[in-house]
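Participant: This is the structure I want to talk about, given as structure tokens.
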Amino acid sequence: MATKVPFHTFILKTASRCNLNCTYCFVYNLEDQSWRKQPPLMSAATARKTAERIREHCVSNNKPYATIVFHGGEPLLGGVRHLDVVLGAIKDVFESSGIEIKFGMQSNGLLLTLEIAKYLSENDVSIGISIDGPPEVNDVARVDRRGRPTGKLLEQRLFEILNSPYKSVISGFLSVVNVNCDPIPIIEYLAKFGPPKIDFLLPYDTYDRPPPGKTDSIDSTVYAKWLIRAFDYWFLNMPQLRIREFDSIIRQLFGGSPLVESIGLGVVDLIVVETDGSIEAVDSLKGTYDGAAYLGYDVSRNSFDEVAACLAVRSRQVGAESLCETCKQCSIVNICGAGYLPNRYSKENGFLNPTIYCADMQLLISHVHKSVLNTLDRQLPMYANA
Ligand code: SF4
């Protein structure tokens with residue numbers, strides 16, 4: 001197996017509870033229930049120990065920079081006070097270290113007040129917002145703990161921030177695809193907030209729990225149809241807006257690397273730390289089976305160098321070598337990469353399957369390829385250095 005790759009992105013679960021109860025949530029509403037054992041908020045001591053481990057890892061791997069992303073649950077659940085406890089402990093550890101840390105956060109945005117936006121702006125923490133589209137689309141799955149809609153309130157929060165001096169804290173949107181809703185009004189709605197980028201996620205489902213639109217047949221191409229309609233609209237009308245899944249496919253067609261973990265054979269160099277300091281694999285695995293993200297490491301006992309050397313982590317850094325035979329033989333494996341890891345899972349074969357979106361990926365990649373070939377006379381400067 002190839003040499004171990006150091007981690008670059010550290011996802012810190014600073015809160016293990018959430019103010020929402022989204023129906024598709026992989027933390028609370030799918031297979032894994034390990035959140036029940038976690039403290040609701042990360043303590044200053046755990047944040048400090050985690051930061052010390054990250055610094056140690058950067059030093060031993062000669063890394064001058066790393067990224068820390070606050071995640072949850074909902075990382076704004078403890079307000080500015082808790083954010084300051086965690087951020088203060090981390091900044092303290094890196095002060096005068098010569099290591100540059102880029103801070104980000106993924107949030108549902110419902111608690112994003114002007115006070116918090118100001119704090120994030122002053123501390124150089126960018127924030128990605130989870131939003132599936134206009135309220136009537138968002139509210140299909142993104143409901144609060146009493147099942148009430150949240151889209152209108154989120155819309156108000158976003159307008160408030162975007163009309164303030166702190167609008168640049170918003171780094172982008174993350175949207176789960178709903179094949180029952182037309183993608184064009186969704187893109188138009190999201191674009192009007194001027195996000196630097198959008199990520200479209202396919203539902204984190206598996207062969208044992210097929211996603212909406214694939215319950216009768218896994219070979220249905222309903223997701224390809226949705227994505228192709230979205231791609232065509234975006235490609236012709238919104239070249240200034242970054243949609244990272246489409247950008248990733250185009251970059252890879254030009255020989256570049258993907259921008260997202262869910263497409264391509266890029267090396268996965270991120271790791272998760274839970275609120276109690278346990279170190280876990282990518283948490284979207286929690287949608288596959290109970291305990292799927294468990295690695296058995298903890299910042300109090302283990303270095304990130306030890307974790308980087310373990311087989312479960314390294315198997316995601318060796319390209320096509322760790323994929324099923326069907327994917328290894330596939331002509332587009334370098335671009336598709338067997339899709340996102342959770343979407344390959346079945347009780348029968350574990351992760352040795354093509355993604356449940358295999359038929360969709362084949363159609364989408366072929367369509368993007370043809371569209372790019374048909375427009376090669378157009379300037380695509382953003383891919384020139386892919
Ligand atoms: S999931 Fe399907 S399209 Fe993707 S690499 Fe595997 S066989 Fe090819």
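As shown in the structure tokens, the chain order sets the letters A, B, ...; within each chain, residues go from 1, and ligands are also counted from 1 in the order they appear.
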At a cut-off of 8 Å around ligand 1, and using only C-alpha atoms and all ligand atoms, what residues come up? Please write them as number ranges by chain.
Facilitator: A: 324, 326-339, 353-362
Participant: Go ahead and dump the residues you just picked, C-alpha atoms, as a PDB file, in the first residue's frame.
Facilitator:
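What landed in again-v4.pdb:
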ATOM      1  CA  CYS A 324     -14.958  -3.534  -6.175  1.00  0.00           C
ATOM      2  CA  THR A 326     -16.873  -3.746 -11.381  1.00  0.00           C
ATOM      3  CA  CYS A 327     -15.477  -0.291 -10.613  1.00  0.00           C
ATOM      4  CA  LYS A 328     -11.878  -1.347 -11.183  1.00  0.00           C
ATOM      5  CA  GLN A 329     -12.858  -2.416 -14.735  1.00  0.00           C
ATOM      6  CA  CYS A 330     -15.012   0.672 -15.407  1.00  0.00           C
ATOM      7  CA  SER A 331     -13.852   3.054 -18.142  1.00  0.00           C
ATOM      8  CA  ILE A 332     -14.809   6.140 -16.112  1.00  0.00           C
ATOM      9  CA  VAL A 333     -13.510   5.048 -12.705  1.00  0.00           C
ATOM     10  CA  ASN A 334     -10.934   7.861 -12.715  1.00  0.00           C
ATOM     11  CA  ILE A 335     -13.744  10.408 -12.813  1.00  0.00           C
ATOM     12  CA  CYS A 336     -16.522   8.679 -10.844  1.00  0.00           C
ATOM     13  CA  GLY A 337     -14.309   6.920  -8.292  1.00  0.00           C
ATOM     14  CA  ALA A 338     -17.240   4.611  -7.318  1.00  0.00           C
ATOM     15  CA  GLY A 339     -19.070   7.618  -5.910  1.00  0.00           C
ATOM     16  CA  ASN A 353     -20.046  -2.295  -4.566  1.00  0.00           C
ATOM     17  CA  PRO A 354     -20.400   0.465  -7.159  1.00  0.00           C
ATOM     18  CA  THR A 355     -22.274   3.448  -5.790  1.00  0.00           C
ATOM     19  CA  ILE A 356     -26.060   3.047  -5.748  1.00  0.00           C
ATOM     20  CA  TYR A 357     -25.950   6.010  -8.175  1.00  0.00           C
ATOM     21  CA  CYS A 358     -23.784   4.065 -10.677  1.00  0.00           C
ATOM     22  CA  ALA A 359     -26.321   4.288 -13.534  1.00  0.00           C
ATOM     23  CA  ASP A 360     -26.760   8.010 -12.794  1.00  0.00           C
ATOM     24  CA  MET A 361     -23.019   8.684 -12.717  1.00  0.00           C
ATOM     25  CA  GLN A 362     -22.524   6.991 -16.072  1.00  0.00           C
TER      26      GLN A 362
END
Participant: Which residues, written as number ranges by chain, have at least one atom at most 12 Å from range 282-288 of chain A, with only C-alpha atoms counted and residues fewer than 5 positions away on the same chain left out?
Facilitator: A: 9-13, 16, 24-35, 71-73, 201-211, 261-262, 268-274, 293-295, 312-313, 316, 340-347, 350-351
Participant: Run DSSP on the backbone and grab whatever in range 224-326 of chain A lands in alpha helix (DSSP H); send it over as a ChimeraX atom specification.
Facilitator: /A:224-237,244-253,304-308,311-314,325-326
Participant: Output N, CA and C atoms for every residue in the selection just made, as a CSV table (one decimal), in the first residue's frame.
Facilitator:
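selection_3.csv, freshly written:
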chain,number,residue,atom,x,y,z
A,224,ALA,N,-29.7,11.1,-12.3
A,224,ALA,CA,-29.0,11.6,-13.5
A,224,ALA,C,-29.9,12.7,-14.2
A,225,LYS,N,-31.2,12.4,-14.3
A,225,LYS,CA,-32.1,13.4,-15.0
A,225,LYS,C,-32.1,14.7,-14.3
A,226,TRP,N,-32.1,14.6,-12.9
A,226,TRP,CA,-32.2,15.9,-12.1
A,226,TRP,C,-30.8,16.6,-12.3
A,227,LEU,N,-29.7,15.9,-12.2
A,227,LEU,CA,-28.4,16.5,-12.2
A,227,LEU,C,-28.1,17.0,-13.6
A,228,ILE,N,-28.5,16.3,-14.6
A,228,ILE,CA,-28.3,16.8,-16.0
A,228,ILE,C,-29.1,18.1,-16.3
A,229,ARG,N,-30.3,18.1,-15.8
A,229,ARG,CA,-31.1,19.3,-16.0
A,229,ARG,C,-30.5,20.5,-15.2
A,230,ALA,N,-30.0,20.2,-14.0
A,230,ALA,CA,-29.3,21.3,-13.2
A,230,ALA,C,-28.0,21.7,-14.0
A,231,PHE,N,-27.2,20.7,-14.4
A,231,PHE,CA,-26.0,21.0,-15.1
A,231,PHE,C,-26.2,21.9,-16.3
A,232,ASP,N,-27.2,21.5,-17.2
A,232,ASP,CA,-27.4,22.3,-18.4
A,232,ASP,C,-27.8,23.7,-18.1
A,233,TYR,N,-28.6,23.9,-17.1
A,233,TYR,CA,-29.0,25.3,-16.8
A,233,TYR,C,-27.8,26.1,-16.3
A,234,TRP,N,-27.1,25.4,-15.4
A,234,TRP,CA,-25.9,26.1,-14.8
A,234,TRP,C,-24.8,26.4,-15.9
A,235,PHE,N,-24.5,25.4,-16.7
A,235,PHE,CA,-23.4,25.5,-17.6
A,235,PHE,C,-23.7,26.6,-18.7
A,236,LEU,N,-24.9,26.8,-19.0
A,236,LEU,CA,-25.3,27.8,-20.0
A,236,LEU,C,-25.5,29.2,-19.4
A,237,ASN,N,-26.0,29.2,-18.2
A,237,ASN,CA,-26.4,30.5,-17.6
A,237,ASN,C,-25.6,31.1,-16.5
A,244,ARG,N,-19.7,22.6,-7.0
A,244,ARG,CA,-18.4,21.8,-7.0
A,244,ARG,C,-18.5,20.4,-7.5
A,245,GLU,N,-19.7,19.8,-7.5
A,245,GLU,CA,-19.8,18.5,-8.1
A,245,GLU,C,-19.6,18.5,-9.6
A,246,PHE,N,-20.2,19.6,-10.3
A,246,PHE,CA,-20.0,19.7,-11.7
A,246,PHE,C,-18.5,20.2,-12.0
A,247,ASP,N,-18.1,21.1,-11.2
A,247,ASP,CA,-16.7,21.6,-11.4
A,247,ASP,C,-15.7,20.4,-11.3
A,248,SER,N,-16.0,19.5,-10.3
A,248,SER,CA,-15.1,18.3,-10.1
A,248,SER,C,-15.0,17.5,-11.4
A,249,ILE,N,-16.2,17.2,-12.0
A,249,ILE,CA,-16.2,16.3,-13.1
A,249,ILE,C,-15.5,17.0,-14.3
A,250,ILE,N,-15.7,18.3,-14.5
A,250,ILE,CA,-15.0,19.0,-15.6
A,250,ILE,C,-13.5,19.1,-15.3
A,251,ARG,N,-13.1,19.4,-14.1
A,251,ARG,CA,-11.7,19.4,-13.8
A,251,ARG,C,-11.0,18.1,-14.1
A,252,GLN,N,-11.7,17.0,-13.7
A,252,GLN,CA,-11.1,15.7,-13.9
A,252,GLN,C,-11.1,15.3,-15.4
A,253,LEU,N,-12.0,15.8,-16.2
A,253,LEU,CA,-12.0,15.6,-17.6
A,253,LEU,C,-10.7,16.2,-18.2
A,304,PHE,N,-2.5,11.7,15.7
A,304,PHE,CA,-3.1,11.6,14.3
A,304,PHE,C,-2.1,10.8,13.4
A,305,ASP,N,-0.9,10.8,13.7
A,305,ASP,CA,0.0,9.9,12.9
A,305,ASP,C,-0.4,8.5,13.0
A,306,GLU,N,-0.7,8.0,14.2
A,306,GLU,CA,-1.2,6.7,14.4
A,306,GLU,C,-2.5,6.4,13.6
A,307,VAL,N,-3.4,7.4,13.7
A,307,VAL,CA,-4.7,7.2,13.0
A,307,VAL,C,-4.4,7.2,11.5
A,308,ALA,N,-3.5,8.0,11.0
A,308,ALA,CA,-3.3,8.1,9.5
A,308,ALA,C,-2.7,6.8,9.0
A,311,LEU,N,-5.5,1.0,8.7
A,311,LEU,CA,-6.0,0.5,7.4
A,311,LEU,C,-7.3,1.1,6.9
A,312,ALA,N,-8.2,1.4,7.8
A,312,ALA,CA,-9.5,2.0,7.5
A,312,ALA,C,-9.3,3.3,6.8
A,313,VAL,N,-8.3,4.1,7.3
A,313,VAL,CA,-8.0,5.4,6.7
A,313,VAL,C,-7.3,5.3,5.4
A,314,ARG,N,-6.3,4.4,5.4
A,314,ARG,CA,-5.4,4.3,4.2
A,314,ARG,C,-6.1,3.7,3.0
A,325,GLU,N,-14.6,-5.1,-8.1
A,325,GLU,CA,-14.1,-5.4,-9.4
A,325,GLU,C,-14.8,-4.7,-10.5
A,326,THR,N,-16.1,-4.5,-10.3
A,326,THR,CA,-16.9,-3.7,-11.4
A,326,THR,C,-16.3,-2.4,-11.6
Participant: Taking the DSSP assignment computed from this structure's backbone, write out as a PDB file with N, CA, C and O atoms, in the first residue's frame all residues of range 26-147 of chain A that belong to strand (DSSP E or B).
Facilitator:
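Output contents, as saved in out00.pdb:
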ATOM      1  N   LEU A  41     -21.760  19.344  24.171  1.00  0.00           N
ATOM      2  CA  LEU A  41     -20.829  20.343  23.623  1.00  0.00           C
ATOM      3  C   LEU A  41     -19.382  19.925  23.904  1.00  0.00           C
ATOM      4  O   LEU A  41     -19.095  19.333  24.951  1.00  0.00           O
ATOM      5  N   TYR A  65       0.261  24.323   7.194  1.00  0.00           N
ATOM      6  CA  TYR A  65      -1.118  24.770   7.346  1.00  0.00           C
ATOM      7  C   TYR A  65      -2.080  23.579   7.408  1.00  0.00           C
ATOM      8  O   TYR A  65      -1.747  22.468   6.993  1.00  0.00           O
ATOM      9  N   ALA A  66      -3.260  23.838   7.966  1.00  0.00           N
ATOM     10  CA  ALA A  66      -4.315  22.813   8.050  1.00  0.00           C
ATOM     11  C   ALA A  66      -5.658  23.538   8.133  1.00  0.00           C
ATOM     12  O   ALA A  66      -5.702  24.760   8.311  1.00  0.00           O
ATOM     13  N   THR A  67      -6.724  22.779   7.979  1.00  0.00           N
ATOM     14  CA  THR A  67      -8.071  23.353   8.068  1.00  0.00           C
ATOM     15  C   THR A  67      -8.834  22.685   9.201  1.00  0.00           C
ATOM     16  O   THR A  67      -8.775  21.462   9.354  1.00  0.00           O
ATOM     17  N   ILE A  68      -9.510  23.505   9.996  1.00  0.00           N
ATOM     18  CA  ILE A  68     -10.373  22.972  11.063  1.00  0.00           C
ATOM     19  C   ILE A  68     -11.796  23.421  10.768  1.00  0.00           C
ATOM     20  O   ILE A  68     -12.051  24.616  10.561  1.00  0.00           O
ATOM     21  N   VAL A  69     -12.710  22.454  10.718  1.00  0.00           N
ATOM     22  CA  VAL A  69     -14.113  22.768  10.425  1.00  0.00           C
ATOM     23  C   VAL A  69     -14.962  22.391  11.638  1.00  0.00           C
ATOM     24  O   VAL A  69     -14.941  21.247  12.082  1.00  0.00           O
ATOM     25  N   PHE A  70     -15.712  23.348  12.159  1.00  0.00           N
ATOM     26  CA  PHE A  70     -16.630  23.079  13.272  1.00  0.00           C
ATOM     27  C   PHE A  70     -17.929  22.507  12.703  1.00  0.00           C
ATOM     28  O   PHE A  70     -18.510  23.063  11.766  1.00  0.00           O
ATOM     29  N   HIS A  71     -18.355  21.431  13.307  1.00  0.00           N
ATOM     30  CA  HIS A  71     -19.483  20.685  12.743  1.00  0.00           C
ATOM     31  C   HIS A  71     -20.347  20.202  13.890  1.00  0.00           C
ATOM     32  O   HIS A  71     -19.984  20.334  15.052  1.00  0.00           O
ATOM     33  N   GLU A 100      -0.389  27.759   9.971  1.00  0.00           N
ATOM     34  CA  GLU A 100      -1.568  28.579   9.653  1.00  0.00           C
ATOM     35  C   GLU A 100      -2.816  27.690   9.652  1.00  0.00           C
ATOM     36  O   GLU A 100      -2.845  26.658   8.958  1.00  0.00           O
ATOM     37  N   ILE A 101      -3.804  28.078  10.422  1.00  0.00           N
ATOM     38  CA  ILE A 101      -5.045  27.303  10.482  1.00  0.00           C
ATOM     39  C   ILE A 101      -6.164  28.100   9.812  1.00  0.00           C
ATOM     40  O   ILE A 101      -6.406  29.261  10.146  1.00  0.00           O
ATOM     41  N   LYS A 102      -6.824  27.432   8.855  1.00  0.00           N
ATOM     42  CA  LYS A 102      -7.994  28.045   8.227  1.00  0.00           C
ATOM     43  C   LYS A 102      -9.221  27.462   8.939  1.00  0.00           C
ATOM     44  O   LYS A 102      -9.322  26.236   9.092  1.00  0.00           O
ATOM     45  N   PHE A 103     -10.124  28.329   9.398  1.00  0.00           N
ATOM     46  CA  PHE A 103     -11.295  27.852  10.149  1.00  0.00           C
ATOM     47  C   PHE A 103     -12.563  27.940   9.297  1.00  0.00           C
ATOM     48  O   PHE A 103     -12.795  28.934   8.594  1.00  0.00           O
ATOM     49  N   GLY A 104     -13.368  26.883   9.371  1.00  0.00           N
ATOM     50  CA  GLY A 104     -14.666  26.881   8.705  1.00  0.00           C
ATOM     51  C   GLY A 104     -15.703  26.257   9.623  1.00  0.00           C
ATOM     52  O   GLY A 104     -15.389  25.790  10.722  1.00  0.00           O
ATOM     53  N   MET A 105     -16.933  26.270   9.161  1.00  0.00           N
ATOM     54  CA  MET A 105     -18.028  25.719   9.970  1.00  0.00           C
ATOM     55  C   MET A 105     -19.140  25.281   9.017  1.00  0.00           C
ATOM     56  O   MET A 105     -19.328  25.883   7.954  1.00  0.00           O
ATOM     57  N   GLN A 106     -19.860  24.226   9.391  1.00  0.00           N
ATOM     58  CA  GLN A 106     -21.058  23.842   8.632  1.00  0.00           C
ATOM     59  C   GLN A 106     -22.243  23.916   9.575  1.00  0.00           C
ATOM     60  O   GLN A 106     -22.225  23.289  10.645  1.00  0.00           O
ATOM     61  N   SER A 107     -23.264  24.688   9.194  1.00  0.00           N
ATOM     62  CA  SER A 107     -24.360  24.985  10.117  1.00  0.00           C
ATOM     63  C   SER A 107     -25.696  24.935   9.383  1.00  0.00           C
ATOM     64  O   SER A 107     -25.760  25.105   8.163  1.00  0.00           O
ATOM     65  N   VAL A 125     -13.618  32.993  10.631  1.00  0.00           N
ATOM     66  CA  VAL A 125     -14.249  31.671  10.517  1.00  0.00           C
ATOM     67  C   VAL A 125     -15.335  31.780   9.450  1.00  0.00           C
ATOM     68  O   VAL A 125     -16.273  32.568   9.602  1.00  0.00           O
ATOM     69  N   SER A 126     -15.202  31.018   8.365  1.00  0.00           N
ATOM     70  CA  SER A 126     -16.250  31.060   7.346  1.00  0.00           C
ATOM     71  C   SER A 126     -17.325  30.033   7.698  1.00  0.00           C
ATOM     72  O   SER A 126     -17.074  29.078   8.446  1.00  0.00           O
ATOM     73  N   ILE A 127     -18.513  30.236   7.169  1.00  0.00           N
ATOM     74  CA  ILE A 127     -19.626  29.348   7.535  1.00  0.00           C
ATOM     75  C   ILE A 127     -20.391  28.890   6.296  1.00  0.00           C
ATOM     76  O   ILE A 127     -20.825  29.715   5.491  1.00  0.00           O
ATOM     77  N   GLY A 128     -20.508  27.576   6.147  1.00  0.00           N
ATOM     78  CA  GLY A 128     -21.325  27.001   5.077  1.00  0.00           C
ATOM     79  C   GLY A 128     -22.709  26.713   5.638  1.00  0.00           C
ATOM     80  O   GLY A 128     -22.850  26.288   6.783  1.00  0.00           O
ATOM     81  N   ILE A 129     -23.730  26.982   4.841  1.00  0.00           N
ATOM     82  CA  ILE A 129     -25.112  26.820   5.312  1.00  0.00           C
ATOM     83  C   ILE A 129     -25.776  25.647   4.581  1.00  0.00           C
ATOM     84  O   ILE A 129     -25.699  25.545   3.355  1.00  0.00           O
ATOM     85  N   SER A 130     -26.444  24.798   5.349  1.00  0.00           N
ATOM     86  CA  SER A 130     -27.211  23.700   4.753  1.00  0.00           C
ATOM     87  C   SER A 130     -28.608  24.196   4.411  1.00  0.00           C
ATOM     88  O   SER A 130     -29.348  24.632   5.300  1.00  0.00           O
ATOM     89  N   VAL A 143     -36.854  20.077   9.034  1.00  0.00           N
ATOM     90  CA  VAL A 143     -37.861  20.523  10.001  1.00  0.00           C
ATOM     91  C   VAL A 143     -37.249  20.578  11.401  1.00  0.00           C
ATOM     92  O   VAL A 143     -36.196  19.979  11.650  1.00  0.00           O
ATOM     93  N   ASP A 144     -37.927  21.299  12.294  1.00  0.00           N
ATOM     94  CA  ASP A 144     -37.388  21.380  13.652  1.00  0.00           C
ATOM     95  C   ASP A 144     -37.807  20.161  14.467  1.00  0.00           C
ATOM     96  O   ASP A 144     -38.428  19.230  13.945  1.00  0.00           O
TER      97      ASP A 144
END
Participant: Leaving out Gln240 in chain A and any residue of its chain fewer than 2 positions from it, which residues lie within 12 Å of it when counting only C-alpha atoms, given as a PyMOL selection string?
Facilitator: chain A and resi 191+194-198+234-238+242-243+247+380-382
Participant: Quick one: write out the picked residues with N, CA, C and O atoms as a PDB file, in the first residue's frame?
Facilitator:
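Saved result, part.pdb, follows:
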ATOM      1  N   ALA A 191     -28.936  30.975  -5.935  1.00  0.00           N
ATOM      2  CA  ALA A 191     -28.005  31.924  -6.557  1.00  0.00           C
ATOM      3  C   ALA A 191     -28.310  33.362  -6.161  1.00  0.00           C
ATOM      4  O   ALA A 191     -27.421  34.209  -6.132  1.00  0.00           O
ATOM      5  N   GLY A 194     -26.151  34.934  -3.695  1.00  0.00           N
ATOM      6  CA  GLY A 194     -24.751  35.181  -4.079  1.00  0.00           C
ATOM      7  C   GLY A 194     -23.720  34.309  -3.371  1.00  0.00           C
ATOM      8  O   GLY A 194     -22.638  34.798  -3.026  1.00  0.00           O
ATOM      9  N   PRO A 195     -23.993  32.999  -3.157  1.00  0.00           N
ATOM     10  CA  PRO A 195     -22.988  32.173  -2.458  1.00  0.00           C
ATOM     11  C   PRO A 195     -21.768  31.957  -3.348  1.00  0.00           C
ATOM     12  O   PRO A 195     -21.900  31.817  -4.559  1.00  0.00           O
ATOM     13  N   PRO A 196     -20.555  31.901  -2.751  1.00  0.00           N
ATOM     14  CA  PRO A 196     -19.378  31.607  -3.575  1.00  0.00           C
ATOM     15  C   PRO A 196     -19.453  30.222  -4.205  1.00  0.00           C
ATOM     16  O   PRO A 196     -18.921  29.990  -5.274  1.00  0.00           O
ATOM     17  N   LYS A 197     -20.133  29.291  -3.532  1.00  0.00           N
ATOM     18  CA  LYS A 197     -20.235  27.945  -4.111  1.00  0.00           C
ATOM     19  C   LYS A 197     -21.463  27.211  -3.578  1.00  0.00           C
ATOM     20  O   LYS A 197     -21.997  27.564  -2.521  1.00  0.00           O
ATOM     21  N   ILE A 198     -21.868  26.196  -4.341  1.00  0.00           N
ATOM     22  CA  ILE A 198     -22.956  25.310  -3.906  1.00  0.00           C
ATOM     23  C   ILE A 198     -22.448  23.872  -4.032  1.00  0.00           C
ATOM     24  O   ILE A 198     -21.756  23.528  -4.990  1.00  0.00           O
ATOM     25  N   TRP A 234     -27.056  25.437 -15.379  1.00  0.00           N
ATOM     26  CA  TRP A 234     -25.877  26.098 -14.790  1.00  0.00           C
ATOM     27  C   TRP A 234     -24.821  26.384 -15.860  1.00  0.00           C
ATOM     28  O   TRP A 234     -24.277  27.491 -15.935  1.00  0.00           O
ATOM     29  N   PHE A 235     -24.529  25.403 -16.687  1.00  0.00           N
ATOM     30  CA  PHE A 235     -23.431  25.507 -17.648  1.00  0.00           C
ATOM     31  C   PHE A 235     -23.685  26.635 -18.656  1.00  0.00           C
ATOM     32  O   PHE A 235     -22.774  27.365 -19.036  1.00  0.00           O
ATOM     33  N   LEU A 236     -24.947  26.785 -19.033  1.00  0.00           N
ATOM     34  CA  LEU A 236     -25.263  27.810 -20.036  1.00  0.00           C
ATOM     35  C   LEU A 236     -25.474  29.192 -19.427  1.00  0.00           C
ATOM     36  O   LEU A 236     -25.211  30.201 -20.064  1.00  0.00           O
ATOM     37  N   ASN A 237     -25.978  29.218 -18.185  1.00  0.00           N
ATOM     38  CA  ASN A 237     -26.438  30.509 -17.641  1.00  0.00           C
ATOM     39  C   ASN A 237     -25.623  31.088 -16.496  1.00  0.00           C
ATOM     40  O   ASN A 237     -25.708  32.279 -16.239  1.00  0.00           O
ATOM     41  N   MET A 238     -24.868  30.252 -15.771  1.00  0.00           N
ATOM     42  CA  MET A 238     -24.255  30.744 -14.531  1.00  0.00           C
ATOM     43  C   MET A 238     -22.787  30.353 -14.410  1.00  0.00           C
ATOM     44  O   MET A 238     -22.392  29.728 -13.408  1.00  0.00           O
ATOM     45  N   ARG A 242     -19.975  28.622  -8.685  1.00  0.00           N
ATOM     46  CA  ARG A 242     -19.278  27.337  -8.558  1.00  0.00           C
ATOM     47  C   ARG A 242     -20.242  26.288  -7.998  1.00  0.00           C
ATOM     48  O   ARG A 242     -20.768  26.461  -6.902  1.00  0.00           O
ATOM     49  N   ILE A 243     -20.494  25.243  -8.752  1.00  0.00           N
ATOM     50  CA  ILE A 243     -21.198  24.069  -8.218  1.00  0.00           C
ATOM     51  C   ILE A 243     -20.154  22.962  -8.210  1.00  0.00           C
ATOM     52  O   ILE A 243     -19.731  22.486  -9.272  1.00  0.00           O
ATOM     53  N   ASP A 247     -18.055  21.110 -11.238  1.00  0.00           N
ATOM     54  CA  ASP A 247     -16.666  21.559 -11.416  1.00  0.00           C
ATOM     55  C   ASP A 247     -15.699  20.384 -11.302  1.00  0.00           C
ATOM     56  O   ASP A 247     -14.715  20.295 -12.040  1.00  0.00           O
ATOM     57  N   LEU A 380     -12.833  28.465 -21.077  1.00  0.00           N
ATOM     58  CA  LEU A 380     -13.126  27.930 -19.758  1.00  0.00           C
ATOM     59  C   LEU A 380     -11.921  28.213 -18.869  1.00  0.00           C
ATOM     60  O   LEU A 380     -11.223  27.313 -18.422  1.00  0.00           O
ATOM     61  N   PRO A 381     -11.644  29.506 -18.622  1.00  0.00           N
ATOM     62  CA  PRO A 381     -10.395  29.848 -17.952  1.00  0.00           C
ATOM     63  C   PRO A 381     -10.235  29.212 -16.576  1.00  0.00           C
ATOM     64  O   PRO A 381      -9.147  28.915 -16.142  1.00  0.00           O
ATOM     65  N   MET A 382     -11.382  28.957 -15.859  1.00  0.00           N
ATOM     66  CA  MET A 382     -11.256  28.456 -14.492  1.00  0.00           C
ATOM     67  C   MET A 382     -10.746  27.021 -14.464  1.00  0.00           C
ATOM     68  O   MET A 382     -10.357  26.534 -13.411  1.00  0.00           O
TER      69      MET A 382
END
Participant: Can you tell me how far CA of Cys22 in chain A sits from CA of Glu136 in chain A, in Å to one decimal?
Facilitator: 14.3 Å
